[in-house]
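Inspection log for the structure reproduced underneath, given as structure tokens.
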Amino acid sequence: MSFGGPYFTLPKFKYLRPDSLEELLSSLHEHSGNAKIMSGGVGLLAFMKERLTAPEYVISISKVPELKTLQIKGGVLAVGANVHLSELESGSIKNSLPTLYRAVKNIADPTIRNMGTLVGDLAEAVPWGDAYPALISMEAEAEISKKSSSRVVPVNGLVLGLGQINVDDDEIISRALIPLRKVRGTYLKFANGSEYGLATVALTYFTEEKRFNLVIGSASETPITIRESDVDWDFDKDFGTNVEKLERYLQLNVNPVDDLLASSDFRKNVIRYLSLQAVKEVFLDERDQN
Amino acid sequence: MKEIRINVNGVFRHLIVEDNEILLDTLRTRLGITSVKAACWRGECGLCTVLIDNKPMKSCMLLSVEVDGSEILTAEGLYNNKRARVLMESFVKHGAMQCGFCTPAFVTTAHSVLSSNPDADDQEISEKLKGVICRCGTYFQIKEAVKSARAFYKDGSPETF
């Protein structure tokens, strides 16, 4: 039927499509270790075509209504595991969660965003993922469910390295929980013509608490986080001096990976440029608009 | 093996598919729908784009079992749609192709953009067409063709002949 080689075919597996969260969790429990969860499938099928993974069971969550919901409750935006990225491209998300909006806009292309999901991008656990740095900068949490229980953990620390995630085989990241606070934010990506970033910068500034999180992605196995509390810079007070401090900090403390796509020095320059651009957007341009 | 029921270009199909069968394979090899092109097989070029419930999606990255119950539209199915026919004619008029390999994917994607938002501005059109690659580089003409057909979607002209 197909041309035969990798890329064109998928390894054999048994496809399961539960109709409820309860059924999903039972089936995940039953086939623990031999099953992969598929939401949009864009990431999983790519890995399977390249024979990087070959699970015995693929469990689709496309018919699980509980994971399809996008709701605001108690000052938190809960994004279900099967909410497509294109559903997050609305005007209200743009205004209330600018970092998320801009990160989503940077993921692949609009057609893929009709298929892929935010939680799927996080669960794929690749260093060049866009969801992970953005969610860390917004101090999001993840709801992880399994048959008998569920837990809520900070998104920061969930991804341990390439393809490694702090979620057990019988667990699923059921929702991403993003706090709705007064924020300014941006997400910048340098991708050099590809969809994979050579370096990305997510910056979220909580205007009431007057603190920020600057997260650098795609430059090392896990994102590099710079918190206001670690550095004590006040861009709102004295922009020029603090930008110099930021530049010095990046020069001394950030050591990006050296690989076939770019050298460490090149990435370092890109990170410097993106970080300066991000603080300028968030602390000068957006402040002037507000 | 799974049973699926899909509506492809207005025709109901009842198929038995393998669990690991890719939709692109089902459409091209089983149903003979050849406007859906097979090129990269990894979701990058967009030449296999089809409309699933009026949303453009890349059929090389979809399992056939996943689209059970959906309505699938390809360039063949758009031929009987009056608005889409104007869009196709606009492609010809603007010379929006060279080899023509990507044209069905661009037409289906552009039809979805204009039918879901006839007020789409130039920027939105450019943005939404980003999922398809034209190696001949006729992007300028493609965008002009879509912009030119926009008025026809906007003025409420009938969809069918």
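Lettering and numbering for the structure tokens are positional, with chains as A, B, ... in the shown order, residues counted from 1 in each chain, and ligands counted from 1 in the shown order.
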
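The neighbours of Gly217 (chain A) here are the residues that come within 8 Å of it, using only C-alpha atoms and leaving out any residue fewer than 4 positions away in the same chain; they are Pro127, Trp128, Gly129, Asp130, Pro133, Ala199, Thr200, Val201, Ala202, Thr222, Pro223 and Ile224 of chain A.
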
Please tabulate, as a Markdown table, the residues of region 134-212 of chain A that come within 10 Å of region 77-93 of chain A, each with its closest pair of atoms and the distance in Å to one decimal, counting only C-alpha atoms and ordering rows by chain, then residue number upward.
```
| residue | atom | partner | partner_atom | distance |
| --- | --- | --- | --- | --- |
| A:Ala140 | CA | A:Leu77 | CA | 9.4 |
| A:Glu141 | CA | A:Ala78 | CA | 9.5 |
| A:Ala142 | CA | A:Ala78 | CA | 9.2 |
| A:Glu143 | CA | A:Ala78 | CA | 9.3 |
| A:Ile172 | CA | A:Ala81 | CA | 8.7 |
| A:Ile173 | CA | A:Ala81 | CA | 6.8 |
| A:Ser174 | CA | A:Ala81 | CA | 5.2 |
| A:Arg175 | CA | A:Gly80 | CA | 4.5 |
| A:Ala176 | CA | A:Val79 | CA | 5.1 |
| A:Leu177 | CA | A:Ala78 | CA | 4.6 |
| A:Ile178 | CA | A:Leu77 | CA | 5.0 |
| A:Pro179 | CA | A:Leu77 | CA | 6.2 |
| A:Leu180 | CA | A:Leu77 | CA | 6.5 |
```

Those same residues, written as an mmCIF file, in the first residue's frame with C-alpha atoms?
```cif
data_model
loop_
_atom_site.group_PDB
_atom_site.id
_atom_site.type_symbol
_atom_site.label_atom_id
_atom_site.label_comp_id
_atom_site.auth_asym_id
_atom_site.auth_seq_id
_atom_site.Cartn_x
_atom_site.Cartn_y
_atom_site.Cartn_z
ATOM 1 C CA ALA A 140 1.700 27.295 34.820
ATOM 2 C CA GLU A 141 0.931 23.977 36.457
ATOM 3 C CA ALA A 142 0.070 20.608 34.978
ATOM 4 C CA GLU A 143 -2.690 18.293 36.156
ATOM 5 C CA ILE A 172 -1.478 11.397 31.459
ATOM 6 C CA ILE A 173 -1.048 15.178 31.541
ATOM 7 C CA SER A 174 -4.773 15.872 31.478
ATOM 8 C CA ARG A 175 -4.709 19.678 31.639
ATOM 9 C CA ALA A 176 -2.350 22.638 31.614
ATOM 10 C CA LEU A 177 -3.394 25.135 34.285
ATOM 11 C CA ILE A 178 -2.370 28.703 33.502
ATOM 12 C CA PRO A 179 -2.910 31.407 36.149
ATOM 13 C CA LEU A 180 -4.804 34.458 34.888
#
```

Can you check which parts of chain A lie within 6 Å of chain B? Per residue, the shortest pair of atoms and distance in Å to one decimal, counting only C-alpha atoms, sorted by chain and number, as JSON lines.
```
{"residue": "A:Tyr7", "atom": "CA", "partner": "B:Trp41", "partner_atom": "CA", "distance": 5.9}
{"residue": "A:Phe8", "atom": "CA", "partner": "B:Trp41", "partner_atom": "CA", "distance": 6.0}
{"residue": "A:Leu10", "atom": "CA", "partner": "B:Asn20", "partner_atom": "CA", "distance": 5.9}
{"residue": "A:Tyr15", "atom": "CA", "partner": "B:Asp19", "partner_atom": "CA", "distance": 5.6}
{"residue": "A:Val42", "atom": "CA", "partner": "B:Met61", "partner_atom": "CA", "distance": 5.8}
{"residue": "A:Asp109", "atom": "CA", "partner": "B:Gly131", "partner_atom": "CA", "distance": 5.1}
{"residue": "A:Pro110", "atom": "CA", "partner": "B:Lys128", "partner_atom": "CA", "distance": 5.7}
{"residue": "A:Thr111", "atom": "CA", "partner": "B:Gly131", "partner_atom": "CA", "distance": 5.4}
```

Could those residues be written to a file, using N, CA, C and O atoms, as a compact mmCIF listing (two decimals), in the first residue's frame?
```txt
# COMPACT_ATOMS: atom_id res chain seq x y z
N TYR A 7 9.33 6.74 7.28
CA TYR A 7 8.66 7.97 6.84
C TYR A 7 7.32 7.65 6.19
O TYR A 7 6.35 8.33 6.41
N PHE A 8 7.27 6.58 5.34
CA PHE A 8 6.03 6.34 4.60
C PHE A 8 5.06 5.45 5.36
O PHE A 8 3.88 5.46 5.08
N LEU A 10 3.92 3.26 9.14
CA LEU A 10 3.97 3.25 10.60
C LEU A 10 4.18 1.81 11.05
O LEU A 10 3.67 0.89 10.41
N TYR A 15 -4.86 0.09 17.92
CA TYR A 15 -5.42 1.43 18.15
C TYR A 15 -6.60 1.33 19.10
O TYR A 15 -7.52 0.55 18.88
N VAL A 42 0.63 14.61 15.70
CA VAL A 42 1.68 15.15 14.84
C VAL A 42 3.08 14.75 15.31
O VAL A 42 3.91 14.32 14.52
N ASP A 109 2.95 25.50 11.74
CA ASP A 109 2.19 26.36 10.82
C ASP A 109 0.70 26.23 11.14
O ASP A 109 0.30 25.35 11.90
N PRO A 110 -0.15 27.10 10.56
CA PRO A 110 -1.57 27.09 10.94
C PRO A 110 -2.26 25.74 10.68
O PRO A 110 -3.17 25.38 11.42
N THR A 111 -1.85 25.01 9.66
CA THR A 111 -2.48 23.71 9.38
C THR A 111 -2.15 22.71 10.48
O THR A 111 -3.02 21.99 10.97
```

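With only C-alpha atoms taken into account, the protein and nucleic acid residues at most 12 Å from Leu250 (chain A) (excluding it and anything under 2 positions from it in its own chain) are A:Leu214, A:Val215, A:Ile216, A:Ile224, A:Thr225, A:Ile226, A:Val231, A:Val243, A:Glu244, A:Lys245, A:Leu246, A:Glu247, A:Arg248, A:Leu252, A:Asn253, A:Val254, A:Asn255, A:Pro256, A:Asp265, A:Arg267, A:Lys268, A:Asn269, A:Val270, A:Ile271, A:Arg272, A:Tyr273, A:Leu274, A:Ser275, A:Leu276.
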
Identify, with DSSP run on backbone atoms, the residues in region 6-229 of chain A assigned to strand (DSSP E or B), and express the list as a ChimeraX atom specification.
/A:14-16,35-38,57-60,70-73,76-80,84,117,141-145,150-154,159-161,164-165,172-179,183-190,199-206,211-217,224-227

Can you pull out the residues contacting region 136-138 of chain A? Cut-off 9 Å, using only C-alpha atoms, and skip same-chain residues under 5 positions away; I want them as number ranges by chain.
A: 97, 99-100, 131, 154-157, 178-179, 183, 185, 202-206, 212-215, 223, 225, 227

Could you name the residues that touch Asp259 (chain A) at 12 Å or less, counting only C-alpha atoms, but leaving out those on the same chain fewer than 2 positions away, as a PyMOL selection string?
chain A and resi 198+218-221+256-257+261-267

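For the residues B:Cys45, B:Phe140, B:Arg83, B:Lys93, ranking by smallest atom-to-atom distance to Asp155 (chain B) using only C-alpha atoms places B:Arg83 first.
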
Mind the document's chain letters and residue numbers, and return as a PyMOL selection string the residues of chain B that DSSP labels alpha helix (DSSP H).
chain B and resi 23-25+75-78+82-93+103-116+122-128+139-154

Nearest residue to Val11 (chain B) out of B:Asp53, B:Glu71, B:Glu89, B:Glu124, using only C-alpha atoms?
B:Glu71

Please identify all polymer residues within 10 Å of Cys99 (chain B), counting only C-alpha atoms, omitting same-chain residues fewer than 6 positions from it, and present them as a ChimeraX atom specification.
/B:134-136,138

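Among A:Ala35, A:Ile61, A:Val104, A:Leu16, the residue with the shortest atom-to-atom distance to Asp169 (chain A), counting only C-alpha atoms, is A:Ala35.
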
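Among the candidate residues A:Glu208, A:Glu228, A:Asp234, A:Glu66, the one lying nearest to Leu21 (chain A) is A:Glu66, with distances computed using only C-alpha atoms.
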
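Neighbouring residues of Leu52 (chain A) at 12 Å or closer, counting only C-alpha atoms and skipping chain neighbours under 4 positions away, are Pro6, Tyr7, Leu10, Pro11, Gly43, Leu44, Leu45, Ala46, Phe47, Met48 and Gly163 of chain A.
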